[in-house]
Amino acid sequence: MKELIIFKEGEIALKGLNKRTFEDAFIRNLKHRLNKLGKFEYTKAQSTIYAIPQSEDIDLDEAVELGSKVFGAAALCRALVVEKDFDAICKEAIAYIEETAMMSRTFKVEAKRSDKKFPMKSPEICMELGGKILEAYPHLTVDVKNPQMVVTVEIRDTAAYVHAGNLPGAGGIPVGTSGSAMLLLSGGIDSPVAAYMMAKRGIKLSAIHYVSPPYTSERARLKVERLCEKLTPYCGDVAFYCVPFTKIQEALRDNCPEELFTILMRRLMMEIAQRIAEEKDMQALITGESVGQVASQTMGAIVCTDAACRMPVFRPVIGMDKTEIVEIARKIDTFDISIEPYEDCCTVFTPKHPKTKPVLADVEAAQNAFDFEPLIAEAVAETELKVIKL
Amino acid sequence: MAVYLDNAATTRPCEPAVSAVFQNMVEDYGNPSSLHAVGLKAEQNITEARKAIAAALVCDPQCVTFTSGATECNNTAIFGAAKNYGKRKKKIVVSAIEHPSVAEPIKYLEEKEGFEVVRIKPSRNGEIAVEDFIDAVDDNTCLVSCMLVNNETGSIQPVRKIFSYVKRNFPECITHCDAVQGFMKIPMKSAELFADIIVVSGHKVHAVKGVGAMYIRKGIRVAPLIMGGGQEKNLRSGTESVPLIAGFGAAVRALMPTMSVAHSNAEEISEYLLKKLAKLEYITVNSTAENKSPYITNFSVKGIRSEIMLHFLESKEVYVSSGSACSKGAHSSVLTAMGIPDKLADSAIRVSIGRTTTKGEIDVLVNAIQEGYQTLAKTK
C-alpha cells in the first residue's frame, strides 16, 4: 500500500509568474519540518504539493501534524495512491477506509476528476464506488448532508488518490517570502500571537527579549525561550536575541520622571531592537500591542513610542480584544506558558500612575535630559544570540 | 545463577536510571520550587524527564504529570475524572480484568458514591470484545477504562477501537487507559489510543520504584487527590521526587531506541518457551489471546498449586509469579473473569521475561518445572 501526503495550495495558487518562488519556499519549509521523520520526495502539480515518503516506517500521522502548521497550504490529507483503473480504485479504497468505516454509520463519496481522459464522470464514480462501499460495509448508510465519513477520490494526471477527508492547513503564505522582521517578545500572551500572525504572512522572524537580572530571573528568560520553541513549528528556527537591560532601567529610574518610565523604556527597547535589526538587514519590527490594553498602549503612548522608530512597526493584534488574542494563543499552544507567573522586565519599576496621555515633546525632553547612548551601545554589544531550533 | 522471570512485577533498574537518581541526590539536590539556581537545575532535570516520557508517548510534555506510581495515577485519574465529569452522569464502563489500582477505586465509586458500574468480561482467551464494550457505553457514561496489556495474561486489549468509538459518539466521556504493561514494550502513541488519560509506571521499565506518570489530554480537567503547594500544575502537590523522576526519564531515554529490537527478541524467547511447554502434556497455556504481548506468558501446571510450584522454582533460583505479584495469594480475578476453571486458575504461573532473558534461562525454567512436576505431591 502506497501512501503520501497531499497539500492543497491556498493563496499561493493565485500567484502569477512568481508562483514558483512561493511553492519552492513552501517545499523548503516543509522539508525542514519533516526531515526529522525521514526522507520525503516532493513534487508539485496542479496547485497541489505532494510529499512522498521514501521509506515504509515513516510516521505519516506525525508528518500530517507537522505539515498542518506550515504556512502556505489551505488543506492537507494523507492519501492512498492507486493506479487509474476503476476496479483497482474500488478494491483498494474499500480496504483503505476499513478502520474509519467501522467507526462510522453514515458516509458519502466525493469525486474530483481533473484528468478528463478518465472514462467515468465524477457523479458516476461517486455512485459506483458508493455502491461498492455499501456492499462491503452493510452497516453504513449514505448521508450526503452530514456524513460521518467522507471518502474522496481524486483522478489526477499522474495517478488516482483516495482519502477519507481533508484537514485544514495552516493557511497564509510560506515563511521567508515576505522578508524578515524583529519581534519584541515579552513573555506575555500577545507577542507570541503577533509572531504567529506575521509569520502567517510569510515573514521570517527573529525575536528580541530584554532581561534585567537580578530584577528578573533566569526562569523568566527560559520561559521566553520555551515560547520561541512553541513558535518554531509555525515560524521555523528563530534567532533569539537576549538584551541585558538592567543598567538602562536603573538609569531611567534615577534620571527620569516616574510617570514616563514605561514609555521611555519602550522607546529605548525599540531603539535597541532596530539597531540590531538594521545590522541584520531586517526590514521591520513586530510588537504585540493592542490599543488601550494597558497604559503604555494608549493611542498617545503608542504615538510616543512610534516616534522613536525609523522602521515600520507591525502590530497585528492592534485591533483585537484580549479574548480574541487568547483564542489564538491557545490554538498555537503558547497560552499555558505565557501565563506562568514570572517577573518580567516590563513590570519592574512600573510607575504607580503612568501617564496615559503623554505629550511627545515632554517625553523627548525627558529622554534628552540624560545621555542614554553609552548604555544603549553597551546593551547592544552585550546582546546574546541563541538560535532556537525546531 | 538466578533466573529472574518476574519482570511484569518489577524490573532491575538500568544503569542510566541509577546514575541519574544518584546525580539528583548528591549533586542536583535542589527543590524545583526554589527560585534560585539550585532549584532551577532540579526543575530543568524534571523538564528533561518530562520530555523523555512525552517523546515515548508521542505527546506534548505539558500533558505529562508525575506521581508516586501507577497506583496513584490510576486513583487520581478515576476519582479526579469522576469528581469533575460524574456529577450528572453516573455510569462507568470498565473491563473486568483491570489491575486492582483501577478496579478498587471504581468499586469504591460504585459502593459509596452511587455510580453504576458495568464490567465487561473478556472471552476465554482474555480479549475484550469491542462490541460488548461499546454496547454498554451510553449518554449517561462519564468514564470508560480499559487496560492496554493485561498484567496476568499479556493479552492486548482493543483500546484504540473501543476508545475511538466512544470519543466519536460520546465526546464528553473520559477514556482512561492503564498502559503500565504496554509502555516501552509495544508501540503506543497517545493520539492513536484515543485515550484522555494514559497511565505508566517507572519500575516496570527499568527505572526505580516510587514514580509513575500520566498523560492527560489537553482540556481534560482532573481534580487532584492531594492538595498543597500546587506542584505538577496543581494536580499533584508535594515536592517532586526529583531523583526518581530523573531516573525514570533516563531509563526511558536510554531504552526507547531499542524497543523494537527488544520486542522481537521477546517474541523469539516467548515462542521458544511455548514450544517447550507444548511438549509437556500436563501444562495448559492460559494466555492464548491472538493479540498478545510476548513479554508475559501464563500457564497452569496440572495438579500443582501455583504457590507450591513457585516456591519449588524459587529453591532452584528461578523466580516467577502466581498471577500478579500485587495480589499475593489471592485468587486471580483475571483468570476467573476469563472463565478459566478454578482448578486451572489455582495452578497458574506467570512468566514475564525481560530485556536480558535468554533461551538458556528458559531451559532452566522448563527443566525445573519438569522436576517439580515429577517430585511434588499433586492435588486430586
# chains A, B, ... in the order shown; residues from 1 in each chain; ligands from 1
$ residues_around --residues "Leu183 (chain A)" --least-positions-apart "5" --cutoff "8 Å" --atoms "only C-alpha atoms" --output "PyMOL selection string"
chain A and resi 191+195+205-208+285-287
$ write_last_selection --atoms "N, CA and C atoms" --output "PDB file, in the first residue's frame"
ATOM      1  N   SER A 191       2.571  38.889  22.442  1.00  0.00           N
ATOM      2  CA  SER A 191       3.639  38.912  21.442  1.00  0.00           C
ATOM      3  C   SER A 191       3.809  37.589  20.678  1.00  0.00           C
ATOM      4  N   ALA A 195       3.612  37.164  16.619  1.00  0.00           N
ATOM      5  CA  ALA A 195       4.607  36.435  15.833  1.00  0.00           C
ATOM      6  C   ALA A 195       3.923  35.470  14.881  1.00  0.00           C
ATOM      7  N   LEU A 205      11.033  35.433  11.091  1.00  0.00           N
ATOM      8  CA  LEU A 205      11.117  36.144  12.358  1.00  0.00           C
ATOM      9  C   LEU A 205      12.425  35.922  13.108  1.00  0.00           C
ATOM     10  N   SER A 206      12.886  36.996  13.763  1.00  0.00           N
ATOM     11  CA  SER A 206      13.843  36.869  14.843  1.00  0.00           C
ATOM     12  C   SER A 206      13.154  37.469  16.056  1.00  0.00           C
ATOM     13  N   ALA A 207      13.616  37.115  17.250  1.00  0.00           N
ATOM     14  CA  ALA A 207      12.952  37.639  18.442  1.00  0.00           C
ATOM     15  C   ALA A 207      13.960  38.337  19.332  1.00  0.00           C
ATOM     16  N   ILE A 208      13.516  39.396  19.979  1.00  0.00           N
ATOM     17  CA  ILE A 208      14.398  40.092  20.919  1.00  0.00           C
ATOM     18  C   ILE A 208      13.701  40.171  22.268  1.00  0.00           C
ATOM     19  N   LEU A 285       9.873  45.964  12.567  1.00  0.00           N
ATOM     20  CA  LEU A 285       9.715  45.454  13.933  1.00  0.00           C
ATOM     21  C   LEU A 285       8.285  44.934  14.078  1.00  0.00           C
ATOM     22  N   ILE A 286       8.114  44.004  15.009  1.00  0.00           N
ATOM     23  CA  ILE A 286       6.766  43.477  15.282  1.00  0.00           C
ATOM     24  C   ILE A 286       6.534  43.537  16.787  1.00  0.00           C
ATOM     25  N   THR A 287       5.383  44.049  17.181  1.00  0.00           N
ATOM     26  CA  THR A 287       5.054  44.040  18.608  1.00  0.00           C
ATOM     27  C   THR A 287       3.644  43.480  18.809  1.00  0.00           C
TER      28      THR A 287
END
$ interface_residues --of "chain B" --to "chain A" --cutoff "8 Å" --atoms "only C-alpha atoms" --output "list in words"
Leu40, Ser164, Tyr165 and Arg168 of chain B
$ write_last_selection --atoms "C-alpha atoms" --output "PDB file, in the first residue's frame"
ATOM      1  CA  LEU B  40      16.185  25.792  38.716  1.00  0.00           C
ATOM      2  CA  SER B 164     -12.263   5.783  19.123  1.00  0.00           C
ATOM      3  CA  TYR B 165     -15.876   4.664  19.066  1.00  0.00           C
ATOM      4  CA  ARG B 168     -16.732   9.702  18.292  1.00  0.00           C
TER       5      ARG B 168
END
$ closest_residue --among "A:Pro123, A:Pro341, A:Pro233, A:Gly72" --to "Gly171 (chain A)" --atoms "only C-alpha atoms"
A:Gly72
$ residues_around --residues "Ala49 (chain B)" --least-positions-apart "5" --cutoff "7 Å" --atoms "only C-alpha atoms" --output "list in words"
Ile245, Ala246, Phe248, Gly249 and Ala250 of chain B
$ write_last_selection --atoms "N, CA and C atoms" --output "compact mmCIF listing (two decimals), in the first residue's frame"
# COMPACT_ATOMS: atom_id res chain seq x y z
N ILE B 245 12.17 10.83 39.47
CA ILE B 245 11.65 11.31 38.19
C ILE B 245 12.78 11.35 37.15
N ALA B 246 13.94 11.86 37.57
CA ALA B 246 15.07 11.93 36.64
C ALA B 246 15.50 10.52 36.22
N PHE B 248 13.55 7.91 36.01
CA PHE B 248 12.51 7.45 35.08
C PHE B 248 12.82 7.98 33.67
N GLY B 249 13.10 9.28 33.61
CA GLY B 249 13.39 9.89 32.32
C GLY B 249 14.63 9.26 31.68
N ALA B 250 15.64 9.02 32.50
CA ALA B 250 16.89 8.47 31.97
C ALA B 250 16.67 7.06 31.42
$ select_by_dssp --residues "region 6-58 of chain A" --states "strand (DSSP E or B)" --output "ChimeraX atom specification"
/A:6-9,40-45,48-53
$ write_last_selection --atoms "C-alpha atoms" --output "PDB file, in the first residue's frame"
ATOM      1  CA  ILE A   6      -1.226  15.936  -0.273  1.00  0.00           C
ATOM      2  CA  PHE A   7      -1.059  19.678   0.387  1.00  0.00           C
ATOM      3  CA  LYS A   8      -3.590  21.877  -1.402  1.00  0.00           C
ATOM      4  CA  GLU A   9      -2.160  25.289  -2.098  1.00  0.00           C
ATOM      5  CA  PHE A  40      10.448  12.541   1.628  1.00  0.00           C
ATOM      6  CA  GLU A  41      10.351  13.356  -2.078  1.00  0.00           C
ATOM      7  CA  TYR A  42       8.435  16.475  -3.015  1.00  0.00           C
ATOM      8  CA  THR A  43       6.623  17.126  -6.267  1.00  0.00           C
ATOM      9  CA  LYS A  44       4.114  19.718  -7.368  1.00  0.00           C
ATOM     10  CA  ALA A  45       1.361  19.628  -9.942  1.00  0.00           C
ATOM     11  CA  THR A  48      -1.002  20.667  -5.218  1.00  0.00           C
ATOM     12  CA  ILE A  49       2.172  19.629  -3.469  1.00  0.00           C
ATOM     13  CA  TYR A  50       2.891  16.002  -2.768  1.00  0.00           C
ATOM     14  CA  ALA A  51       5.171  14.760  -0.001  1.00  0.00           C
ATOM     15  CA  ILE A  52       6.060  11.174  -0.811  1.00  0.00           C
ATOM     16  CA  PRO A  53       7.669   9.162   1.996  1.00  0.00           C
TER      17      PRO A  53
END
